file input-v3.txt (compact mmCIF, C-alpha atoms)
# COMPACT_ATOMS: atom_id res chain seq x y z
CA MET A 1 -21.02 -3.81 -23.44
CA ASP A 2 -23.24 -6.63 -24.59
CA THR A 3 -26.75 -6.87 -23.25
CA ILE A 4 -26.97 -9.90 -20.97
CA TYR A 5 -29.79 -12.12 -19.80
CA ALA A 6 -30.25 -14.93 -17.28
CA LEU A 7 -32.72 -16.76 -15.11
CA ALA A 8 -32.60 -14.96 -11.76
CA THR A 9 -34.58 -17.56 -9.81
CA ALA A 10 -33.63 -21.15 -9.06
CA PRO A 11 -33.96 -23.56 -11.99
CA GLY A 12 -36.67 -26.19 -11.90
CA ARG A 13 -40.43 -26.24 -11.45
CA ALA A 14 -41.85 -23.25 -9.54
CA GLY A 15 -44.86 -20.98 -9.38
CA VAL A 16 -42.99 -18.00 -10.80
CA ALA A 17 -39.66 -17.58 -12.59
CA VAL A 18 -37.81 -14.29 -13.13
CA VAL A 19 -35.67 -13.69 -16.21
CA ARG A 20 -33.51 -10.56 -16.22
CA VAL A 21 -32.21 -8.63 -19.21
CA SER A 22 -29.64 -5.83 -18.63
CA GLY A 23 -28.03 -3.50 -21.15
CA ALA A 24 -28.71 -1.14 -24.02
CA GLU A 25 -30.76 -3.68 -25.99
CA SER A 26 -33.15 -4.48 -23.14
CA ARG A 27 -35.66 -1.83 -24.30
CA ASN A 28 -35.71 -3.29 -27.80
CA VAL A 29 -36.06 -6.82 -26.42
CA CYS A 30 -39.02 -5.73 -24.31
CA ARG A 31 -40.76 -3.97 -27.20
CA ILE A 32 -40.42 -6.99 -29.47
CA LEU A 33 -41.53 -9.57 -26.89
CA ALA A 34 -44.07 -7.58 -24.87
CA GLY A 35 -45.31 -4.80 -27.17
CA ASP A 36 -44.07 -1.60 -25.58
CA LEU A 37 -42.19 -0.57 -22.46
CA PRO A 38 -44.22 -0.47 -19.23
CA ASN A 39 -43.90 2.57 -17.01
CA PRO A 40 -40.68 2.47 -14.98
CA ARG A 41 -40.85 0.27 -11.87
CA LEU A 42 -44.54 -0.55 -12.41
CA ALA A 43 -45.44 -4.17 -13.22
CA SER A 44 -47.57 -4.67 -16.30
CA LEU A 45 -49.26 -7.90 -17.39
CA ARG A 46 -48.20 -8.69 -20.96
CA ARG A 47 -48.34 -11.55 -23.44
CA LEU A 48 -44.82 -12.55 -24.44
CA GLN A 49 -44.71 -13.35 -28.13
CA TYR A 50 -41.87 -13.78 -30.60
CA ARG A 51 -43.03 -13.65 -34.20
CA ASP A 52 -45.98 -16.08 -34.29
CA ASP A 53 -44.97 -17.99 -31.16
CA VAL A 54 -46.78 -17.08 -27.93
CA ILE A 55 -44.36 -17.91 -25.11
CA ASP A 56 -46.33 -17.05 -21.97
CA GLU A 57 -48.32 -14.40 -20.15
CA ALA A 58 -46.07 -12.58 -17.71
CA LEU A 59 -45.58 -9.55 -15.52
CA VAL A 60 -43.04 -7.21 -17.10
CA LEU A 61 -41.05 -4.56 -15.22
CA PHE A 62 -38.71 -1.92 -16.61
CA PHE A 63 -35.97 -0.17 -14.65
CA PRO A 64 -34.28 2.71 -16.53
CA LYS A 65 -30.54 3.34 -16.61
CA GLY A 66 -29.30 4.79 -13.33
CA ALA A 67 -32.27 3.45 -11.36
CA SER A 68 -31.65 -0.29 -11.66
CA PHE A 69 -29.53 -2.84 -9.82
CA THR A 70 -26.87 -2.88 -12.54
CA GLY A 71 -27.08 0.84 -13.36
CA GLU A 72 -28.16 -0.08 -16.92
CA ASP A 73 -31.57 -0.39 -18.53
CA VAL A 74 -33.05 -3.56 -17.06
CA VAL A 75 -36.16 -5.54 -17.98
CA GLU A 76 -37.56 -8.36 -15.83
CA PHE A 77 -39.97 -10.96 -17.13
CA GLN A 78 -41.89 -12.71 -14.33
CA THR A 79 -43.23 -15.81 -16.06
CA HIS A 80 -44.83 -19.03 -14.96
CA GLY A 81 -42.10 -21.22 -13.51
CA SER A 82 -42.33 -24.29 -15.70
CA PRO A 83 -39.06 -25.56 -17.20
CA ALA A 84 -40.65 -25.44 -20.69
CA VAL A 85 -41.56 -21.74 -20.43
CA ILE A 86 -38.17 -20.82 -19.04
CA SER A 87 -36.33 -22.79 -21.71
CA ARG A 88 -38.40 -21.22 -24.50
CA LEU A 89 -37.89 -17.66 -23.23
CA LEU A 90 -34.14 -18.08 -22.73
CA GLY A 91 -33.88 -19.67 -26.17
CA THR A 92 -35.75 -16.74 -27.71
CA LEU A 93 -33.48 -14.19 -26.06
CA SER A 94 -30.47 -15.90 -27.58
CA HIS A 95 -31.72 -14.96 -31.07
CA PHE A 96 -31.38 -11.21 -30.47
CA GLU A 97 -28.28 -9.54 -31.90
CA GLY A 98 -25.98 -8.08 -29.25
CA VAL A 99 -27.69 -10.11 -26.51
CA ARG A 100 -26.00 -13.04 -24.79
CA ALA A 101 -26.32 -15.24 -21.73
CA ALA A 102 -24.78 -13.75 -18.59
CA GLU A 103 -21.75 -15.21 -16.86
CA PRO A 104 -21.76 -16.00 -13.11
CA GLY A 105 -21.98 -12.79 -11.11
CA GLU A 106 -22.06 -10.57 -14.19
CA PHE A 107 -25.12 -8.57 -13.12
CA THR A 108 -23.44 -7.77 -9.80
CA ARG A 109 -20.14 -7.00 -11.49
CA ARG A 110 -21.89 -4.42 -13.67
CA ALA A 111 -23.44 -2.93 -10.53
CA LEU A 112 -19.89 -2.53 -9.17
CA GLU A 113 -18.50 -1.09 -12.38
CA ASN A 114 -21.39 1.37 -12.66
CA GLY A 115 -21.03 2.57 -9.09
CA ARG A 116 -24.23 1.01 -7.77
CA LEU A 117 -22.30 -1.14 -5.26
CA ASN A 118 -18.81 -0.99 -3.79
CA LEU A 119 -16.66 -4.10 -3.39
CA ALA A 120 -17.53 -4.58 0.28
CA GLU A 121 -21.25 -4.47 -0.56
CA VAL A 122 -20.66 -7.04 -3.31
CA GLU A 123 -19.01 -9.34 -0.75
CA GLY A 124 -21.93 -8.77 1.60
CA LEU A 125 -24.37 -9.69 -1.17
CA ALA A 126 -22.46 -12.91 -1.88
CA ASP A 127 -22.59 -13.80 1.82
CA LEU A 128 -26.28 -12.93 2.01
CA ILE A 129 -27.09 -15.29 -0.86
CA ASP A 130 -25.14 -18.07 0.87
CA ALA A 131 -26.47 -17.37 4.40
CA GLU A 132 -27.92 -20.44 6.11
CA THR A 133 -28.32 -19.21 9.69
CA GLU A 134 -29.59 -16.05 11.37
CA ALA A 135 -26.11 -14.95 12.45
CA GLN A 136 -24.85 -15.30 8.89
CA ARG A 137 -27.82 -13.34 7.55
CA VAL A 138 -27.38 -10.50 10.04
CA GLN A 139 -23.64 -10.20 9.39
CA ALA A 140 -24.04 -10.38 5.61
CA PHE A 141 -26.81 -7.79 5.53
CA ARG A 142 -24.78 -5.37 7.65
CA THR A 143 -22.02 -5.51 5.04
CA PHE A 144 -24.42 -5.39 2.08
CA ASP A 145 -26.18 -2.43 3.70
CA GLY A 146 -22.93 -0.45 3.59
CA GLU A 147 -21.80 -0.54 7.22
CA LEU A 148 -18.16 -1.14 6.28
CA GLY A 149 -18.39 1.55 3.60
CA ARG A 150 -19.64 4.10 6.13
CA GLN A 151 -16.84 3.22 8.52
CA VAL A 152 -14.28 3.51 5.73
CA GLU A 153 -15.52 7.02 4.93
CA THR A 154 -15.00 8.00 8.58
CA TRP A 155 -11.47 6.59 8.51
CA ARG A 156 -10.71 8.36 5.24
CA ARG A 157 -11.83 11.73 6.61
CA ASP A 158 -9.39 11.36 9.49
CA LEU A 159 -6.61 10.24 7.15
CA VAL A 160 -7.26 13.14 4.79
CA ARG A 161 -7.25 15.56 7.75
CA ALA A 162 -3.96 14.17 9.02
CA ALA A 163 -2.35 14.25 5.57
CA ALA A 164 -3.58 17.81 4.93
CA LEU A 165 -2.11 19.07 8.20
CA VAL A 166 1.26 17.46 7.52
CA GLU A 167 1.42 18.66 3.91
CA ALA A 168 0.45 22.18 4.96
CA SER A 169 3.39 22.19 7.36
CA ILE A 170 5.66 21.10 4.50
CA ASP A 171 4.31 23.72 2.07
CA PHE A 172 4.62 26.57 4.59
CA ALA A 173 7.81 25.43 6.26
CA ASP A 174 9.48 28.83 5.61
CA GLU A 175 6.50 30.85 6.78
CA ASP A 176 4.74 31.39 10.04
CA VAL A 177 2.45 28.46 10.73
CA PRO A 178 -0.33 29.33 13.22
CA GLU A 179 0.38 26.36 15.46
CA ASP A 180 2.28 23.09 15.66
CA VAL A 181 0.05 20.55 13.89
CA VAL A 182 2.03 17.46 14.87
CA PRO A 183 0.20 16.79 18.19
CA GLU A 184 -3.17 16.77 16.42
CA VAL A 185 -1.82 14.51 13.67
CA LEU A 186 -0.34 12.08 16.18
CA SER A 187 -3.66 11.96 18.03
CA LEU A 188 -5.55 11.21 14.81
CA LEU A 189 -3.11 8.46 13.82
CA ARG A 190 -3.17 6.78 17.23
CA ALA A 191 -6.98 6.74 17.20
CA LEU A 192 -6.98 5.23 13.70
CA ILE A 193 -4.48 2.55 14.69
CA ALA A 194 -6.62 1.59 17.69
CA SER A 195 -9.74 1.40 15.49
CA PHE A 196 -7.97 -0.69 12.84
CA LEU A 197 -6.56 -3.12 15.41
CA SER A 198 -10.01 -3.53 16.97
CA GLU A 199 -11.44 -4.49 13.57
CA VAL A 200 -8.53 -6.83 12.84
CA LYS A 201 -9.21 -8.63 16.11
CA GLY A 202 -12.82 -9.25 15.13
CA VAL A 203 -12.16 -10.67 11.66
CA GLY A 204 -11.54 -14.16 13.04
CA ALA A 205 -15.00 -14.23 14.63
CA ALA A 206 -16.58 -12.88 11.45
CA GLU A 207 -14.89 -15.56 9.36
CA ARG A 208 -16.19 -18.21 11.76
CA ILE A 209 -19.72 -16.86 11.45
CA ARG A 210 -19.40 -17.21 7.69
CA SER A 211 -17.79 -20.65 7.57
CA GLY A 212 -19.09 -22.06 10.85
CA PHE A 213 -17.57 -22.71 14.27
CA GLU A 214 -16.15 -26.16 14.97
CA VAL A 215 -16.87 -28.17 18.11
CA ALA A 216 -14.80 -31.35 18.48
CA ILE A 217 -16.04 -34.26 20.59
CA VAL A 218 -12.94 -36.00 21.92
CA GLY A 219 -12.19 -38.69 24.44
CA PRO A 220 -10.96 -42.26 24.81
CA PRO A 221 -12.41 -45.12 22.75
CA ASN A 222 -15.94 -46.26 23.55
CA ALA A 223 -16.74 -43.11 25.53
CA GLY A 224 -20.00 -42.50 23.66
CA LYS A 225 -18.72 -39.83 21.27
CA SER A 226 -20.52 -41.22 18.20
CA THR A 227 -23.71 -41.79 20.16
CA LEU A 228 -23.61 -38.17 21.33
CA LEU A 229 -23.05 -36.95 17.77
CA ASN A 230 -26.04 -38.98 16.58
CA ARG A 231 -28.15 -37.48 19.36
CA LEU A 232 -27.13 -33.97 18.31
CA ALA A 233 -27.75 -34.71 14.63
CA GLY A 234 -31.07 -36.44 15.25
CA ARG A 235 -30.01 -39.27 12.94
CA GLU A 236 -27.48 -42.09 12.59
CA ALA A 237 -24.62 -39.97 11.31
CA ALA A 238 -21.92 -42.17 12.86
CA ILE A 239 -21.62 -45.93 13.33
CA THR A 240 -21.79 -46.94 16.97
CA SER A 241 -20.52 -50.16 18.47
CA GLU A 242 -19.55 -51.59 21.82
CA TYR A 243 -16.14 -52.34 20.35
CA ALA A 244 -13.45 -49.72 20.92
CA GLY A 245 -11.90 -48.03 17.91
CA THR A 246 -14.95 -48.16 15.62
CA THR A 247 -14.52 -44.52 14.50
CA ARG A 248 -11.42 -44.18 12.36
CA ASP A 249 -12.05 -40.90 10.54
CA VAL A 250 -13.51 -37.52 11.54
CA ILE A 251 -17.28 -37.39 11.00
CA GLU A 252 -18.87 -33.96 10.62
CA VAL A 253 -22.42 -32.81 11.29
CA ARG A 254 -23.40 -29.20 10.57
CA LEU A 255 -26.12 -27.64 12.74
CA ASP A 256 -27.80 -24.30 13.29
CA LEU A 257 -27.31 -23.61 17.00
CA ASN A 258 -29.52 -20.63 17.96
CA GLY A 259 -28.65 -18.89 14.71
CA VAL A 260 -24.92 -19.67 14.81
CA PRO A 261 -23.52 -22.19 12.28
CA VAL A 262 -21.73 -25.02 14.09
CA THR A 263 -19.99 -28.13 12.79
CA PHE A 264 -19.74 -30.90 15.38
CA LEU A 265 -16.84 -33.32 14.89
CA ASP A 266 -16.88 -36.94 16.00
CA THR A 267 -13.26 -38.01 16.31
CA ALA A 268 -11.47 -41.30 16.79
CA GLY A 269 -10.88 -42.43 20.34
CA VAL A 270 -7.63 -41.02 21.72
CA ARG A 271 -5.31 -43.73 22.98
CA GLU A 272 -1.99 -45.38 22.25
CA THR A 273 -2.36 -48.13 19.64
CA GLU A 274 -0.22 -50.38 17.50
CA ASP A 275 -2.90 -50.58 14.79
CA SER A 276 -1.54 -48.36 12.00
CA ILE A 277 -5.00 -47.48 10.66
CA GLU A 278 -6.35 -46.59 14.10
CA ALA A 279 -3.16 -44.61 14.82
CA LEU A 280 -3.79 -42.54 11.70
CA GLY A 281 -7.34 -41.89 12.90
CA VAL A 282 -6.05 -40.78 16.31
CA GLU A 283 -3.57 -38.45 14.61
CA ARG A 284 -6.35 -36.85 12.55
CA ALA A 285 -8.54 -36.60 15.64
CA LEU A 286 -5.87 -34.68 17.52
CA GLU A 287 -5.24 -32.35 14.56
CA ARG A 288 -8.92 -31.44 14.25
CA ALA A 289 -9.37 -31.19 18.00
CA ASN A 290 -6.46 -28.78 18.33
CA ALA A 291 -7.88 -26.60 15.55
CA ALA A 292 -11.48 -26.62 16.88
CA ASP A 293 -13.08 -23.59 18.53
CA ILE A 294 -14.50 -25.66 21.38
CA ARG A 295 -13.63 -29.17 22.58
CA VAL A 296 -16.08 -31.37 24.43
CA VAL A 297 -13.94 -33.91 26.29
CA LEU A 298 -15.74 -37.08 27.34
CA GLY A 299 -13.95 -38.88 30.12
CA SER A 300 -10.25 -38.97 30.78
CA VAL A 301 -7.65 -38.56 28.05
CA GLY A 302 -3.99 -39.30 28.40
CA ALA A 303 -0.96 -37.23 27.59
CA GLU A 304 -1.86 -37.35 23.90
CA LEU A 305 -4.27 -34.41 24.35
CA ASP A 306 -3.28 -31.28 26.25
CA LEU A 307 -6.35 -29.94 28.01
CA ARG A 308 -7.19 -26.25 27.66
CA PRO A 309 -8.77 -24.07 30.35
CA ASP A 310 -11.89 -23.60 28.22
CA ASP A 311 -12.41 -27.29 27.39
CA ILE A 312 -15.82 -28.67 28.39
CA VAL A 313 -14.97 -31.83 30.32
CA LEU A 314 -17.92 -34.14 31.00
CA VAL A 315 -18.57 -37.58 32.47
CA PRO A 316 -19.65 -39.78 29.53
CA LYS A 317 -22.56 -42.23 29.63
CA CYS A 318 -23.88 -40.53 32.73
CA ASP A 319 -26.98 -42.74 32.61
CA LEU A 320 -24.71 -45.48 33.99
CA GLU A 321 -23.34 -43.31 36.80
CA SER A 322 -25.05 -42.76 40.16
CA ASP A 323 -23.85 -39.18 40.79
CA VAL A 324 -22.14 -36.92 38.30
CA SER A 325 -23.22 -33.59 39.86
CA GLY A 326 -24.61 -32.19 36.62
CA MET A 327 -21.28 -32.67 34.82
CA GLY A 328 -22.33 -35.66 32.74
CA VAL A 329 -23.90 -36.34 29.38
CA SER A 330 -25.52 -39.32 27.73
CA GLY A 331 -26.03 -39.56 24.02
CA LEU A 332 -28.16 -42.65 24.56
CA THR A 333 -30.78 -41.08 26.83
CA GLY A 334 -30.21 -37.39 26.05
CA ALA A 335 -29.36 -36.55 29.67
CA GLY A 336 -27.23 -33.42 29.89
CA VAL A 337 -27.44 -32.70 26.14
CA SER A 338 -29.62 -29.58 26.50
CA SER A 339 -27.28 -28.14 29.13
CA LEU A 340 -24.29 -28.89 26.91
CA LEU A 341 -25.87 -27.13 23.93
CA GLU A 342 -26.78 -24.11 26.04
CA ARG A 343 -23.20 -23.90 27.27
CA ILE A 344 -21.75 -24.16 23.77
CA SER A 345 -24.26 -21.65 22.43
CA GLY A 346 -23.35 -19.14 25.14
CA ILE A 347 -19.63 -19.43 24.42
CA LEU A 348 -20.05 -19.10 20.66
CA SER A 349 -22.49 -16.19 20.96
CA GLU A 350 -19.88 -14.31 23.00
CA ARG A 351 -17.23 -15.01 20.39
CA ALA A 352 -19.55 -14.04 17.54
CA ALA A 353 -20.19 -10.72 19.26
CA GLU A 354 -16.51 -9.85 18.76
CA ALA A 355 -17.06 -9.49 15.00
CA GLY A 356 -16.94 -5.93 13.69
CA VAL A 357 -17.54 -4.40 10.27
CA ALA A 358 -14.45 -6.04 8.75
CA THR A 359 -15.47 -9.59 7.94
CA ARG A 360 -12.93 -11.11 5.56
CA LEU A 361 -9.26 -12.03 5.48
CA ARG A 362 -8.84 -9.44 2.69
CA HIS A 363 -10.12 -6.75 5.06
CA LYS A 364 -7.75 -7.92 7.79
CA GLU A 365 -4.74 -7.77 5.47
CA ALA A 366 -5.60 -4.25 4.27
CA LEU A 367 -6.13 -2.95 7.80
CA THR A 368 -2.94 -4.61 9.07
CA ALA A 369 -0.97 -2.98 6.26
CA SER A 370 -2.59 0.36 7.16
CA VAL A 371 -1.53 -0.08 10.79
CA ASP A 372 2.06 -0.75 9.69
CA ALA A 373 2.06 2.40 7.54
CA LEU A 374 0.59 4.57 10.28
CA GLU A 375 3.08 3.28 12.86
CA MET A 376 5.89 4.29 10.50
CA ALA A 377 4.20 7.67 10.10
CA LEU A 378 4.12 8.06 13.88
CA GLU A 379 7.80 7.25 14.07
CA SER A 380 8.65 9.75 11.32
CA LEU A 381 6.54 12.57 12.75
CA SER A 382 7.81 12.03 16.27
CA SER A 383 11.45 12.47 15.21
CA GLN A 384 13.27 15.65 14.27
CA GLY A 385 14.62 16.79 10.92
CA ASP A 386 13.21 16.27 7.43
CA SER A 387 10.69 13.69 8.54
CA LEU A 388 7.41 15.38 7.57
CA GLU A 389 7.68 14.19 3.96
CA LEU A 390 8.15 10.60 5.08
CA GLY A 391 5.24 10.88 7.47
CA ALA A 392 2.98 12.26 4.74
CA GLU A 393 3.92 9.43 2.39
CA HIS A 394 3.18 6.78 5.04
CA ILE A 395 -0.24 8.36 5.66
CA ARG A 396 -0.97 8.27 1.91
CA THR A 397 0.03 4.59 1.86
CA ALA A 398 -2.40 3.85 4.69
CA SER A 399 -5.14 5.74 2.85
CA ARG A 400 -4.59 3.67 -0.30
CA LYS A 401 -4.82 0.46 1.71
CA VAL A 402 -8.11 1.60 3.27
CA ASP A 403 -9.43 2.44 -0.20
CA THR A 404 -8.91 -1.19 -1.27
CA LEU A 405 -11.61 -2.22 1.22
CA LEU A 406 -14.23 -0.69 -1.08
CA GLY A 407 -12.48 -1.64 -4.31
CA ARG A 408 -11.37 1.85 -5.23
CA VAL A 409 -7.79 0.85 -6.02
CA GLY A 410 -5.65 -2.23 -6.54
CA VAL A 411 -8.22 -5.03 -6.41
CA GLU A 412 -8.63 -5.96 -10.06
CA GLU A 413 -6.97 -9.33 -9.52
CA LEU A 414 -9.56 -10.21 -6.86
CA LEU A 415 -12.65 -9.63 -9.00
CA GLY A 416 -12.52 -12.88 -10.95
CA GLU A 417 -12.33 -14.93 -7.76
CA ILE A 418 -15.10 -12.97 -6.06
CA PHE A 419 -17.61 -13.07 -8.92
CA SER A 420 -16.96 -16.71 -9.76
CA SER A 421 -18.71 -17.61 -6.51
CA PHE A 422 -21.96 -15.97 -7.63
CA CYS A 423 -24.73 -17.91 -9.33
CA ILE A 424 -25.72 -17.09 -12.91
CA GLY A 425 -28.49 -14.51 -12.81
CA LYS A 426 -26.91 -12.57 -9.95
call {"tool": "encode", "arguments": {"input": "input-v3.txt", "output": "structure tokens"}}
result
Amino acid sequence: MDTIYALATAPGRAGVAVVRVSGAESRNVCRILAGDLPNPRLASLRRLQYRDDVIDEALVLFFPKGASFTGEDVVEFQTHGSPAVISRLLGTLSHFEGVRAAEPGEFTRRALENGRLNLAEVEGLADLIDAETEAQRVQAFRTFDGELGRQVETWRRDLVRAAALVEASIDFADEDVPEDVVPEVLSLLRALIASFLSEVKGVGAAERIRSGFEVAIVGPPNAGKSTLLNRLAGREAAITSEYAGTTRDVIEVRLDLNGVPVTFLDTAGVRETEDSIEALGVERALERANAADIRVVLGSVGAELDLRPDDIVLVPKCDLESDVSGMGVSGLTGAGVSSLLERISGILSERAAEAGVATRLRHKEALTASVDALEMALESLSSQGDSLELGAEHIRTASRKVDTLLGRVGVEELLGEIFSSFCIGK
């Protein structure tokens, strides 16, 4: 493969910039620009020079093949972070034969292809780079650290054990088999199904941690929804007015709520109206409210909104009320806002705790398919007659689906989509 290079740090002015070179030509590039190769994994201060042009003075590191992020020979140039230095170094690298600029995610893709990372760890790395809150960081690092991979290996051992027992019974069907293996196989399969279903249940929470939970503020017109949103945002995110129906579209504000990503939604006032534009706003408000994880209901709503048992119903503009028994909120004065946030945070923290090691829709689909295969295996093995062969094949199908979690089989079509989300240099 070509040797690739890219700026690994953010573009723009900075104290230090890191330029990576990965591939067979990286040693030659280093010798030409920096003199000779530094000792592996030890930084060495070198003057970078191409022909008669001195580019910069930089720290140079060399990681040999098999001991680098990509699994190839890798050289890193840690230069001063001025745009001029970076531009000159990248321009110089483009002159080397067999060396080209990297595509988005190409360094990580080579790490996958060279066995340095599995697909789940690649997904964890992508999430770690994008993490904005503590909950996102923790979840992403668990995946990047190989937690899903370790769980998959445990599942595979049980699947291999179950398949081996069934196939042994098939191979020695005409001979004396020491014991009936079916009860042990059925026990293994039932335990696997329970484990898979538990992980499937937690994927929704994991997806919400990644993308953010949604909290919709709903209620009748002029109930103080926009004022409350502005109080939560700490800025004038929504237009407020004493006239009903000011908000026509859904306004979103994204916040970090005790480490959990939350998007608060200010929606149009819910009421019957003959104004076609306002009616469209009400329709959108109801759609977003029904899809939200939590709904904060200010005041009384009519039949247009079906209340849920877990809705947080509050008295709006409680600064104007004499006694609301702690069940009110005022965006204008901030009364009740801290209690509301604590309540929302507690609910979302409980939901976030449901997340397991499977964190993506792709994981859910693979595990669901594995459950289907294992249930068919249970049915085959529990019946009489020539059913062992069918049971063994269903177990092998489940094993193949589990292998897709780590990218061992059948995921080539996913790679382009996954790596396109990476920045150049990673």
call {"tool": "residues_around", "arguments": {"input": "input-v3.txt", "residues": "stretch 133-135 of chain A", "least_positions_apart": "2", "cutoff": "8 Å", "atoms": "only C-alpha atoms", "output": "PDB file with C-alpha atoms, in the frame of the given file"}}
result
ATOM      1  CA  ALA A 131     -26.470 -17.370   4.400  1.00  0.00           C
ATOM      2  CA  ARG A 137     -27.820 -13.340   7.550  1.00  0.00           C
ATOM      3  CA  VAL A 138     -27.380 -10.500  10.040  1.00  0.00           C
ATOM      4  CA  GLN A 139     -23.640 -10.200   9.390  1.00  0.00           C
ATOM      5  CA  ILE A 209     -19.720 -16.860  11.450  1.00  0.00           C
ATOM      6  CA  ASP A 256     -27.800 -24.300  13.290  1.00  0.00           C
ATOM      7  CA  GLY A 259     -28.650 -18.890  14.710  1.00  0.00           C
ATOM      8  CA  VAL A 260     -24.920 -19.670  14.810  1.00  0.00           C
ATOM      9  CA  PRO A 261     -23.520 -22.190  12.280  1.00  0.00           C
TER      10      PRO A 261
END
call {"tool": "closest_atom_pairs", "arguments": {"input": "input-v3.txt", "of": "stretch 358-398 of chain A", "to": "stretch 150-160 of chain A", "cutoff": "9 Å", "atoms": "only C-alpha atoms", "output": "JSON lines"}}
result
{"residue": "A:Ile395", "atom": "CA", "partner": "A:Leu159", "partner_atom": "CA", "distance": 6.8}
{"residue": "A:Arg396", "atom": "CA", "partner": "A:Leu159", "partner_atom": "CA", "distance": 7.9}
{"residue": "A:Ala398", "atom": "CA", "partner": "A:Leu159", "partner_atom": "CA", "distance": 8.0}
call {"tool": "residues_around", "arguments": {"input": "input-v3.txt", "residues": "stretch 231-235 of chain A", "least_positions_apart": "4", "cutoff": "8 Å", "atoms": "all atoms listed in the file", "output": "MDAnalysis selection string"}}
result
chainID A and resid 227 253 255 331:332 334 337
call {"tool": "closest_residue", "arguments": {"input": "input-v3.txt", "among": "A:Gly71, A:Gly391, A:Pro104, A:Pro38", "to": "A:Leu59", "atoms": "all atoms listed in the file"}}
result
A:Pro38
call {"tool": "closest_residue", "arguments": {"input": "input-v3.txt", "among": "A:Ala373, A:Ala34, A:Arg295, A:Ile193", "to": "A:Tyr50", "atoms": "only C-alpha atoms"}}
result
A:Ala34
call {"tool": "residues_around", "arguments": {"input": "input-v3.txt", "residues": "A:Tyr5", "least_positions_apart": "6", "cutoff": "6 Å", "atoms": "only C-alpha atoms", "output": "PyMOL selection string"}}
result
chain A and resi 20-21+101-102
call {"tool": "closest_residue", "arguments": {"input": "input-v3.txt", "among": "A:Asp56, A:Glu287, A:Glu76, A:Asp127", "to": "A:Glu207", "atoms": "all atoms listed in the file"}}
result
A:Asp127
call {"tool": "atom_distance", "arguments": {"input": "input-v3.txt", "atom1": "atom CA of A:Cys30", "atom2": "atom CA of A:Gly91"}}
result
15.0 Å
call {"tool": "closest_residue", "arguments": {"input": "input-v3.txt", "among": "A:Ile251, A:Val270, A:Met376, A:Leu117", "to": "A:Ala223", "atoms": "all atoms listed in the file"}}
result
A:Val270
call {"tool": "closest_residue", "arguments": {"input": "input-v3.txt", "among": "A:Ala168, A:Val297, A:Ala366, A:Leu228", "to": "A:Thr333", "atoms": "only C-alpha atoms"}}
result
A:Leu228
call {"tool": "atom_distance", "arguments": {"input": "input-v3.txt", "atom1": "atom CA of A:Ile4", "atom2": "atom CA of A:Arg408"}}
result
25.1 Å
call {"tool": "atom_distance", "arguments": {"input": "input-v3.txt", "atom1": "atom CA of A:Thr79", "atom2": "atom CA of A:Leu125"}}
result
24.8 Å
call {"tool": "residues_around", "arguments": {"input": "input-v3.txt", "residues": "A:Ala205", "least_positions_apart": "5", "cutoff": "7 Å", "atoms": "all atoms listed in the file", "output": "PDB file with C-alpha atoms, in the frame of the given file"}}
result
ATOM      1  CA  ARG A 351     -17.230 -15.010  20.390  1.00  0.00           C
ATOM      2  CA  ALA A 352     -19.550 -14.040  17.540  1.00  0.00           C
ATOM      3  CA  GLU A 354     -16.510  -9.850  18.760  1.00  0.00           C
ATOM      4  CA  ALA A 355     -17.060  -9.490  15.000  1.00  0.00           C
TER       5      ALA A 355
END
call {"tool": "residues_around", "arguments": {"input": "input-v3.txt", "residues": "A:Leu405", "least_positions_apart": "5", "cutoff": "12 Å", "atoms": "only C-alpha atoms", "output": "MDAnalysis selection string"}}
result
chainID A and resid 118:123 143 146:153 155:156 357:370 398:400 410:411 414
call {"tool": "closest_residue", "arguments": {"input": "input-v3.txt", "among": "A:Ala6, A:Val166, A:Leu320, A:Leu298", "to": "A:Ser380", "atoms": "only C-alpha atoms"}}
result
A:Val166
call {"tool": "build_atoms", "arguments": {"input": "input-v3.txt", "residues": "stretch 264-268 of chain A", "atoms": "N, CA, C and O atoms", "output": "PDB file, in the coordinates of the input"}}
result
ATOM      1  N   PHE A 264     -20.190 -29.996  14.325  1.00  0.00           N
ATOM      2  CA  PHE A 264     -19.740 -30.900  15.380  1.00  0.00           C
ATOM      3  C   PHE A 264     -18.888 -32.006  14.747  1.00  0.00           C
ATOM      4  O   PHE A 264     -19.241 -32.539  13.691  1.00  0.00           O
ATOM      5  N   LEU A 265     -17.792 -32.335  15.399  1.00  0.00           N
ATOM      6  CA  LEU A 265     -16.840 -33.320  14.890  1.00  0.00           C
ATOM      7  C   LEU A 265     -16.793 -34.525  15.813  1.00  0.00           C
ATOM      8  O   LEU A 265     -16.519 -34.381  17.019  1.00  0.00           O
ATOM      9  N   ASP A 266     -17.072 -35.684  15.269  1.00  0.00           N
ATOM     10  CA  ASP A 266     -16.880 -36.940  16.000  1.00  0.00           C
ATOM     11  C   ASP A 266     -15.520 -37.484  15.624  1.00  0.00           C
ATOM     12  O   ASP A 266     -15.251 -37.747  14.442  1.00  0.00           O
ATOM     13  N   THR A 267     -14.647 -37.621  16.593  1.00  0.00           N
ATOM     14  CA  THR A 267     -13.260 -38.010  16.310  1.00  0.00           C
ATOM     15  C   THR A 267     -12.971 -39.409  16.833  1.00  0.00           C
ATOM     16  O   THR A 267     -13.685 -39.944  17.680  1.00  0.00           O
ATOM     17  N   ALA A 268     -11.906 -39.979  16.329  1.00  0.00           N
ATOM     18  CA  ALA A 268     -11.470 -41.300  16.790  1.00  0.00           C
ATOM     19  C   ALA A 268     -11.068 -41.254  18.251  1.00  0.00           C
ATOM     20  O   ALA A 268     -10.601 -40.232  18.758  1.00  0.00           O
TER      21      ALA A 268
END
